[in-house]
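One file, data_31.pdb, is given below (PDB, C-alpha atoms, pLDDT in the B column).
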```
ATOM      1  CA  GLN A   1      39.395 -30.927-169.379  1.00 83.00           C
ATOM      2  CA  VAL A   2      38.230 -34.329-168.246  1.00 90.00           C
ATOM      3  CA  GLN A   3      39.506 -37.142-170.426  1.00 94.00           C
ATOM      4  CA  LEU A   4      37.192 -40.114-170.804  1.00 96.00           C
ATOM      5  CA  VAL A   5      38.115 -43.541-172.136  1.00 96.00           C
ATOM      6  CA  GLU A   6      35.374 -46.030-172.992  1.00 96.00           C
ATOM      7  CA  SER A   7      35.688 -49.756-173.430  1.00 96.00           C
ATOM      8  CA  GLY A   8      33.538 -52.855-173.515  1.00 97.00           C
ATOM      9  CA  GLY A   9      31.796 -52.554-176.849  1.00 97.00           C
ATOM     10  CA  GLY A  10      31.567 -55.420-179.289  1.00 97.00           C
ATOM     11  CA  LEU A  11      29.359 -57.738-181.277  1.00 98.00           C
ATOM     12  CA  VAL A  12      26.635 -59.650-179.483  1.00 98.00           C
ATOM     13  CA  GLN A  13      23.541 -61.572-180.473  1.00 98.00           C
ATOM     14  CA  ALA A  14      20.091 -60.265-179.690  1.00 98.00           C
ATOM     15  CA  GLY A  15      19.180 -61.010-176.093  1.00 98.00           C
ATOM     16  CA  GLY A  16      22.800 -60.887-174.992  1.00 98.00           C
ATOM     17  CA  SER A  17      24.590 -58.561-172.616  1.00 98.00           C
ATOM     18  CA  LEU A  18      27.517 -56.158-172.616  1.00 98.00           C
ATOM     19  CA  ARG A  19      29.039 -53.911-169.990  1.00 98.00           C
ATOM     20  CA  LEU A  20      30.545 -50.619-171.068  1.00 98.00           C
ATOM     21  CA  SER A  21      33.116 -48.847-168.923  1.00 98.00           C
ATOM     22  CA  CYS A  22      34.146 -45.202-168.906  1.00 97.00           C
ATOM     23  CA  VAL A  23      37.237 -44.176-166.979  1.00 96.00           C
ATOM     24  CA  ALA A  24      37.637 -40.493-166.158  1.00 92.00           C
ATOM     25  CA  SER A  25      40.993 -38.773-165.793  1.00 89.00           C
ATOM     26  CA  ARG A  26      39.781 -36.868-162.746  1.00 82.00           C
ATOM     27  CA  SER A  27      37.882 -37.780-159.642  1.00 82.00           C
ATOM     28  CA  ILE A  28      34.218 -38.171-160.459  1.00 79.00           C
ATOM     29  CA  PHE A  29      33.457 -36.519-157.140  1.00 75.00           C
ATOM     30  CA  SER A  30      34.268 -33.273-158.943  1.00 78.00           C
ATOM     31  CA  ILE A  31      31.947 -34.068-161.848  1.00 86.00           C
ATOM     32  CA  SER A  32      28.375 -32.895-161.554  1.00 90.00           C
ATOM     33  CA  ALA A  33      26.914 -35.349-164.074  1.00 93.00           C
ATOM     34  CA  MET A  34      28.021 -38.323-166.142  1.00 94.00           C
ATOM     35  CA  GLY A  35      26.307 -40.606-168.528  1.00 96.00           C
ATOM     36  CA  TRP A  36      26.021 -42.213-171.914  1.00 98.00           C
ATOM     37  CA  TYR A  37      24.744 -41.157-175.291  1.00 98.00           C
ATOM     38  CA  ARG A  38      24.559 -43.246-178.437  1.00 98.00           C
ATOM     39  CA  GLN A  39      24.488 -42.546-182.135  1.00 98.00           C
ATOM     40  CA  ALA A  40      23.300 -44.971-184.783  1.00 96.00           C
ATOM     41  CA  PRO A  41      24.162 -44.433-188.473  1.00 91.00           C
ATOM     42  CA  GLY A  42      22.015 -41.695-189.948  1.00 94.00           C
ATOM     43  CA  ASN A  43      20.606 -40.729-186.560  1.00 95.00           C
ATOM     44  CA  GLN A  44      21.285 -37.944-184.121  1.00 97.00           C
ATOM     45  CA  ARG A  45      23.126 -38.603-180.899  1.00 96.00           C
ATOM     46  CA  GLU A  46      20.595 -39.485-178.212  1.00 97.00           C
ATOM     47  CA  PRO A  47      20.819 -39.808-174.431  1.00 98.00           C
ATOM     48  CA  VAL A  48      20.797 -43.293-172.977  1.00 98.00           C
ATOM     49  CA  ALA A  49      21.428 -43.025-169.238  1.00 98.00           C
ATOM     50  CA  SER A  50      22.853 -40.523-166.807  1.00 97.00           C
ATOM     51  CA  PHE A  51      23.314 -39.697-163.170  1.00 92.00           C
ATOM     52  CA  THR A  52      24.034 -36.556-161.226  1.00 90.00           C
ATOM     53  CA  ASN A  53      25.988 -36.167-158.036  1.00 85.00           C
ATOM     54  CA  SER A  54      22.719 -35.290-156.321  1.00 87.00           C
ATOM     55  CA  GLY A  55      21.596 -38.858-156.990  1.00 85.00           C
ATOM     56  CA  ILE A  56      19.253 -38.353-159.910  1.00 92.00           C
ATOM     57  CA  ILE A  57      19.372 -41.192-162.441  1.00 95.00           C
ATOM     58  CA  ASN A  58      17.660 -41.028-165.812  1.00 97.00           C
ATOM     59  CA  TYR A  59      17.152 -43.588-168.550  1.00 98.00           C
ATOM     60  CA  ALA A  60      15.813 -43.297-172.047  1.00 98.00           C
ATOM     61  CA  ALA A  61      12.411 -44.971-172.310  1.00 98.00           C
ATOM     62  CA  SER A  62      13.789 -47.380-174.885  1.00 97.00           C
ATOM     63  CA  VAL A  63      16.354 -48.844-172.461  1.00 98.00           C
ATOM     64  CA  LYS A  64      14.570 -48.595-169.121  1.00 98.00           C
ATOM     65  CA  GLY A  65      14.452 -51.960-167.415  1.00 97.00           C
ATOM     66  CA  ARG A  66      17.251 -53.359-169.596  1.00 98.00           C
ATOM     67  CA  PHE A  67      20.195 -50.997-168.979  1.00 98.00           C
ATOM     68  CA  THR A  68      21.708 -49.999-165.647  1.00 98.00           C
ATOM     69  CA  ILE A  69      24.153 -47.167-165.017  1.00 97.00           C
ATOM     70  CA  THR A  70      26.451 -47.438-162.016  1.00 95.00           C
ATOM     71  CA  ARG A  71      29.569 -45.723-160.744  1.00 92.00           C
ATOM     72  CA  ASP A  72      32.712 -46.672-158.868  1.00 91.00           C
ATOM     73  CA  ASN A  73      34.082 -43.535-157.267  1.00 87.00           C
ATOM     74  CA  ALA A  74      37.308 -45.217-156.176  1.00 90.00           C
ATOM     75  CA  ARG A  75      38.097 -46.130-159.798  1.00 91.00           C
ATOM     76  CA  ASN A  76      36.706 -42.910-161.357  1.00 90.00           C
ATOM     77  CA  THR A  77      34.638 -45.212-163.527  1.00 93.00           C
ATOM     78  CA  VAL A  78      31.074 -45.279-164.773  1.00 95.00           C
ATOM     79  CA  TYR A  79      29.525 -48.449-166.128  1.00 97.00           C
ATOM     80  CA  LEU A  80      26.596 -49.184-168.377  1.00 98.00           C
ATOM     81  CA  GLN A  81      25.284 -52.707-167.981  1.00 98.00           C
ATOM     82  CA  MET A  82      23.214 -53.592-171.018  1.00 98.00           C
ATOM     83  CA  ASN A  83      21.001 -56.662-170.869  1.00 98.00           C
ATOM     84  CA  GLY A  84      18.411 -57.944-173.284  1.00 98.00           C
ATOM     85  CA  LEU A  85      20.130 -56.221-176.180  1.00 98.00           C
ATOM     86  CA  LYS A  86      18.156 -55.625-179.357  1.00 98.00           C
ATOM     87  CA  PRO A  87      19.332 -54.909-182.911  1.00 97.00           C
ATOM     88  CA  GLU A  88      18.028 -51.348-182.510  1.00 97.00           C
ATOM     89  CA  ASP A  89      20.575 -50.829-179.721  1.00 98.00           C
ATOM     90  CA  THR A  90      23.317 -50.970-182.347  1.00 98.00           C
ATOM     91  CA  ALA A  91      25.203 -47.684-182.206  1.00 98.00           C
ATOM     92  CA  VAL A  92      28.387 -45.982-181.138  1.00 98.00           C
ATOM     93  CA  TYR A  93      28.123 -45.325-177.411  1.00 98.00           C
ATOM     94  CA  TYR A  94      29.725 -42.199-175.996  1.00 98.00           C
ATOM     95  CA  CYS A  95      30.497 -41.423-172.404  1.00 97.00           C
ATOM     96  CA  TYR A  96      30.225 -37.813-171.263  1.00 96.00           C
ATOM     97  CA  ALA A  97      30.961 -35.817-168.151  1.00 95.00           C
ATOM     98  CA  VAL A  98      29.838 -32.375-167.059  1.00 93.00           C
ATOM     99  CA  SER A  99      31.984 -30.351-164.727  1.00 89.00           C
ATOM    100  CA  GLY A 100      31.542 -26.812-163.476  1.00 87.00           C
ATOM    101  CA  THR A 101      35.254 -26.278-164.030  1.00 86.00           C
ATOM    102  CA  TYR A 102      35.804 -28.034-167.367  1.00 87.00           C
ATOM    103  CA  GLY A 103      32.388 -27.984-169.012  1.00 91.00           C
ATOM    104  CA  ARG A 104      31.261 -31.008-171.023  1.00 93.00           C
ATOM    105  CA  SER A 105      33.727 -33.660-172.113  1.00 94.00           C
ATOM    106  CA  TRP A 106      33.208 -36.647-174.416  1.00 96.00           C
ATOM    107  CA  GLY A 107      34.923 -39.967-174.846  1.00 96.00           C
ATOM    108  CA  GLN A 108      35.963 -41.337-178.218  1.00 96.00           C
ATOM    109  CA  GLY A 109      33.074 -43.779-178.416  1.00 97.00           C
ATOM    110  CA  THR A 110      32.783 -47.558-178.445  1.00 97.00           C
ATOM    111  CA  GLN A 111      30.872 -49.564-181.031  1.00 98.00           C
ATOM    112  CA  VAL A 112      28.050 -51.848-179.962  1.00 98.00           C
ATOM    113  CA  THR A 113      26.605 -54.139-182.625  1.00 98.00           C
ATOM    114  CA  VAL A 114      23.659 -56.406-181.923  1.00 98.00           C
ATOM    115  CA  SER A 115      22.892 -59.087-184.493  1.00 97.00           C
ATOM    116  CA  SER A 116      19.430 -60.534-184.955  1.00 93.00           C
TER     117      SER A 116
END
```

For the file at hand, write its structure as structure tokens.
Amino acid sequence: QVQLVESGGGLVQAGGSLRLSCVASRSIFSISAMGWYRQAPGNQREPVASFTNSGIINYAASVKGRFTITRDNARNTVYLQMNGLKPEDTAVYYCYAVSGTYGRSWGQGTQVTVSS
């Protein structure tokens, strides 16, 4: 199993920025895909951003142009830079990783709250 630990959530005013971090317990070279989902109260978990080791990066339409996913292989860390935050971005953000060996793993989640 790949253990994932997120951090960086918090309370921010609309228009502000946050950077989420997700540290993996194993080298992300061995992980075929990583990314972020989010879940707002009463809603289903939805994809936010992801990348694959083949270089494919995807963003949800609602965050494209505002959020950026990056990776630091040396630190086994994936980041989600969130700019221009809106109240509708309020949710618990979950990091995930997909590995051929360990399947899909999830972090514990980090709360992001955007006030209007």

**Request:** Name the residues that the PyMOL selection byres ((chain A and resi 14) around 12) picks from the file above, as a VMD selection string, using the file's chain letters and numbers.
**Result:** chain A and resid 11 to 13 15 to 18 82 to 90 112 to 116

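Of the residues listed (A:Tyr102, A:Tyr79, A:Phe67, A:Tyr94), A:Tyr102 shows the shortest atom-to-atom separation from A:Ser32; distances use only C-alpha atoms.
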
Box in all listed atoms of stretch 80-95 of chain A, axis-aligned, with 6 Å more on each side; write out centre and edge lengths in Å to one decimal as lines of an AutoDock Vina configuration file.
```
center_x = 24.3
center_y = -49.7
center_z = -175.4
size_x = 24.5
size_y = 28.5
size_z = 26.9
```

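Distances here use all atoms listed in the file; by that measure, the residue among A:Val5, A:Ala33, A:Ile56, A:Val98 closest to A:Ser21 is A:Val5.
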
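In this structure, atom CA of A:Val2 sits 23.0 Å away from atom CA of A:Tyr59.
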
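Each of A:Ala91, A:Gln81, A:Ser25, A:Ser54 was compared to A:Arg66 using only C-alpha atoms, and A:Gln81 turns out to be the nearest.
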
Save stretch 57-101 of chain A from what I just supplied, as an mmCIF file, in the first residue's frame, atoms limited to N, CA and C atoms.
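Contents of part-v3.cif, freshly written:
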```
data_model
loop_
_atom_site.group_PDB
_atom_site.id
_atom_site.type_symbol
_atom_site.label_atom_id
_atom_site.label_comp_id
_atom_site.auth_asym_id
_atom_site.auth_seq_id
_atom_site.Cartn_x
_atom_site.Cartn_y
_atom_site.Cartn_z
ATOM 1 N N ILE A 57 -1.705 15.375 -18.094
ATOM 2 C CA ILE A 57 -2.252 16.157 -16.979
ATOM 3 C C ILE A 57 -3.692 16.526 -17.305
ATOM 4 N N ASN A 58 -4.560 16.341 -16.349
ATOM 5 C CA ASN A 58 -5.975 16.674 -16.536
ATOM 6 C C ASN A 58 -6.462 17.570 -15.401
ATOM 7 N N TYR A 59 -7.343 18.462 -15.747
ATOM 8 C CA TYR A 59 -7.994 19.336 -14.763
ATOM 9 C C TYR A 59 -9.498 19.293 -14.986
ATOM 10 N N ALA A 60 -10.230 19.415 -13.877
ATOM 11 C CA ALA A 60 -11.659 19.612 -13.988
ATOM 12 C C ALA A 60 -11.907 20.980 -14.635
ATOM 13 N N ALA A 61 -12.965 21.076 -15.405
ATOM 14 C CA ALA A 61 -13.261 22.334 -16.102
ATOM 15 C C ALA A 61 -13.430 23.484 -15.118
ATOM 16 N N SER A 62 -13.937 23.175 -13.938
ATOM 17 C CA SER A 62 -14.218 24.219 -12.961
ATOM 18 C C SER A 62 -12.962 24.833 -12.348
ATOM 19 N N VAL A 63 -11.813 24.152 -12.480
ATOM 20 C CA VAL A 63 -10.586 24.670 -11.865
ATOM 21 C C VAL A 63 -9.521 25.016 -12.888
ATOM 22 N N LYS A 64 -9.751 24.694 -14.132
ATOM 23 C CA LYS A 64 -8.750 24.933 -15.175
ATOM 24 C C LYS A 64 -8.421 26.429 -15.246
ATOM 25 N N GLY A 65 -7.137 26.704 -15.286
ATOM 26 C CA GLY A 65 -6.690 28.092 -15.313
ATOM 27 C C GLY A 65 -6.476 28.695 -13.937
ATOM 28 N N ARG A 66 -6.970 28.029 -12.906
ATOM 29 C CA ARG A 66 -6.803 28.539 -11.527
ATOM 30 C C ARG A 66 -5.922 27.601 -10.691
ATOM 31 N N PHE A 67 -6.027 26.312 -10.925
ATOM 32 C CA PHE A 67 -5.279 25.312 -10.153
ATOM 33 C C PHE A 67 -4.165 24.738 -11.013
ATOM 34 N N THR A 68 -3.060 24.379 -10.352
ATOM 35 C CA THR A 68 -1.929 23.767 -11.040
ATOM 36 C C THR A 68 -1.412 22.595 -10.217
ATOM 37 N N ILE A 69 -1.302 21.443 -10.856
ATOM 38 C CA ILE A 69 -0.744 20.264 -10.193
ATOM 39 C C ILE A 69 0.705 20.094 -10.629
ATOM 40 N N THR A 70 1.573 19.882 -9.650
ATOM 41 C CA THR A 70 2.988 19.663 -9.940
ATOM 42 C C THR A 70 3.508 18.529 -9.065
ATOM 43 N N ARG A 71 4.702 18.079 -9.356
ATOM 44 C CA ARG A 71 5.282 16.968 -8.615
ATOM 45 C C ARG A 71 6.753 17.241 -8.344
ATOM 46 N N ASP A 72 7.232 16.714 -7.239
ATOM 47 C CA ASP A 72 8.643 16.757 -6.896
ATOM 48 C C ASP A 72 9.068 15.318 -6.641
ATOM 49 N N ASN A 73 9.687 14.705 -7.631
ATOM 50 C CA ASN A 73 10.031 13.297 -7.515
ATOM 51 C C ASN A 73 11.004 13.039 -6.371
ATOM 52 N N ALA A 74 11.921 13.963 -6.150
ATOM 53 C CA ALA A 74 12.929 13.771 -5.107
ATOM 54 C C ALA A 74 12.299 13.728 -3.717
ATOM 55 N N ARG A 75 11.181 14.429 -3.547
ATOM 56 C CA ARG A 75 10.490 14.474 -2.255
ATOM 57 C C ARG A 75 9.259 13.585 -2.211
ATOM 58 N N ASN A 76 9.016 12.812 -3.286
ATOM 59 C CA ASN A 76 7.815 11.951 -3.358
ATOM 60 C C ASN A 76 6.560 12.752 -3.033
ATOM 61 N N THR A 77 6.485 13.948 -3.574
ATOM 62 C CA THR A 77 5.425 14.874 -3.202
ATOM 63 C C THR A 77 4.718 15.414 -4.431
ATOM 64 N N VAL A 78 3.421 15.537 -4.313
ATOM 65 C CA VAL A 78 2.586 16.165 -5.332
ATOM 66 C C VAL A 78 1.941 17.397 -4.705
ATOM 67 N N TYR A 79 1.880 18.455 -5.466
ATOM 68 C CA TYR A 79 1.320 19.710 -4.981
ATOM 69 C C TYR A 79 0.094 20.092 -5.805
ATOM 70 N N LEU A 80 -0.778 20.830 -5.168
ATOM 71 C CA LEU A 80 -1.897 21.447 -5.880
ATOM 72 C C LEU A 80 -1.908 22.921 -5.492
ATOM 73 N N GLN A 81 -1.470 23.749 -6.412
ATOM 74 C CA GLN A 81 -1.505 25.192 -6.206
ATOM 75 C C GLN A 81 -2.867 25.701 -6.627
ATOM 76 N N MET A 82 -3.556 26.343 -5.692
ATOM 77 C CA MET A 82 -4.915 26.807 -5.953
ATOM 78 C C MET A 82 -4.940 28.322 -5.832
ATOM 79 N N ASN A 83 -5.193 28.973 -6.941
ATOM 80 C CA ASN A 83 -5.281 30.434 -6.980
ATOM 81 C C ASN A 83 -6.699 30.854 -7.335
ATOM 82 N N GLY A 84 -7.023 32.085 -7.043
ATOM 83 C CA GLY A 84 -8.351 32.578 -7.374
ATOM 84 C C GLY A 84 -9.452 31.745 -6.768
ATOM 85 N N LEU A 85 -9.294 31.359 -5.507
ATOM 86 C CA LEU A 85 -10.255 30.466 -4.880
ATOM 87 C C LEU A 85 -11.635 31.095 -4.770
ATOM 88 N N LYS A 86 -12.641 30.246 -4.928
ATOM 89 C CA LYS A 86 -14.038 30.657 -4.864
ATOM 90 C C LYS A 86 -14.734 29.892 -3.747
ATOM 91 N N PRO A 87 -15.830 30.435 -3.218
ATOM 92 C CA PRO A 87 -16.560 29.695 -2.174
ATOM 93 C C PRO A 87 -16.957 28.287 -2.619
ATOM 94 N N GLU A 88 -17.231 28.103 -3.886
ATOM 95 C CA GLU A 88 -17.622 26.765 -4.371
ATOM 96 C C GLU A 88 -16.458 25.782 -4.409
ATOM 97 N N ASP A 89 -15.246 26.247 -4.147
ATOM 98 C CA ASP A 89 -14.102 25.342 -4.014
ATOM 99 C C ASP A 89 -14.027 24.727 -2.619
ATOM 100 N N THR A 90 -14.873 25.179 -1.718
ATOM 101 C CA THR A 90 -14.877 24.636 -0.362
ATOM 102 C C THR A 90 -15.203 23.152 -0.384
ATOM 103 N N ALA A 91 -14.324 22.360 0.208
ATOM 104 C CA ALA A 91 -14.479 20.906 0.189
ATOM 105 C C ALA A 91 -13.342 20.281 0.988
ATOM 106 N N VAL A 92 -13.459 18.987 1.202
ATOM 107 C CA VAL A 92 -12.319 18.207 1.682
ATOM 108 C C VAL A 92 -11.580 17.706 0.441
ATOM 109 N N TYR A 93 -10.289 17.954 0.399
ATOM 110 C CA TYR A 93 -9.472 17.567 -0.742
ATOM 111 C C TYR A 93 -8.677 16.314 -0.395
ATOM 112 N N TYR A 94 -8.766 15.329 -1.275
ATOM 113 C CA TYR A 94 -8.120 14.045 -1.072
ATOM 114 C C TYR A 94 -7.078 13.795 -2.156
ATOM 115 N N CYS A 95 -5.923 13.384 -1.716
ATOM 116 C CA CYS A 95 -4.884 12.950 -2.632
ATOM 117 C C CYS A 95 -5.056 11.457 -2.901
ATOM 118 N N TYR A 96 -4.756 11.028 -4.123
ATOM 119 C CA TYR A 96 -4.814 9.607 -4.427
ATOM 120 C C TYR A 96 -3.613 9.217 -5.284
ATOM 121 N N ALA A 97 -3.323 7.933 -5.256
ATOM 122 C CA ALA A 97 -2.249 7.389 -6.075
ATOM 123 C C ALA A 97 -2.687 6.043 -6.621
ATOM 124 N N VAL A 98 -2.305 5.765 -7.840
ATOM 125 C CA VAL A 98 -2.617 4.490 -8.475
ATOM 126 C C VAL A 98 -1.310 3.792 -8.822
ATOM 127 N N SER A 99 -1.190 2.581 -8.345
ATOM 128 C CA SER A 99 0.007 1.797 -8.583
ATOM 129 C C SER A 99 -0.386 0.425 -9.096
ATOM 130 N N GLY A 100 0.378 -0.089 -10.062
ATOM 131 C CA GLY A 100 0.098 -1.426 -10.555
ATOM 132 C C GLY A 100 0.267 -2.474 -9.474
ATOM 133 N N THR A 101 1.139 -2.193 -8.517
ATOM 134 C CA THR A 101 1.410 -3.153 -7.446
ATOM 135 C C THR A 101 0.407 -3.039 -6.308
#
```
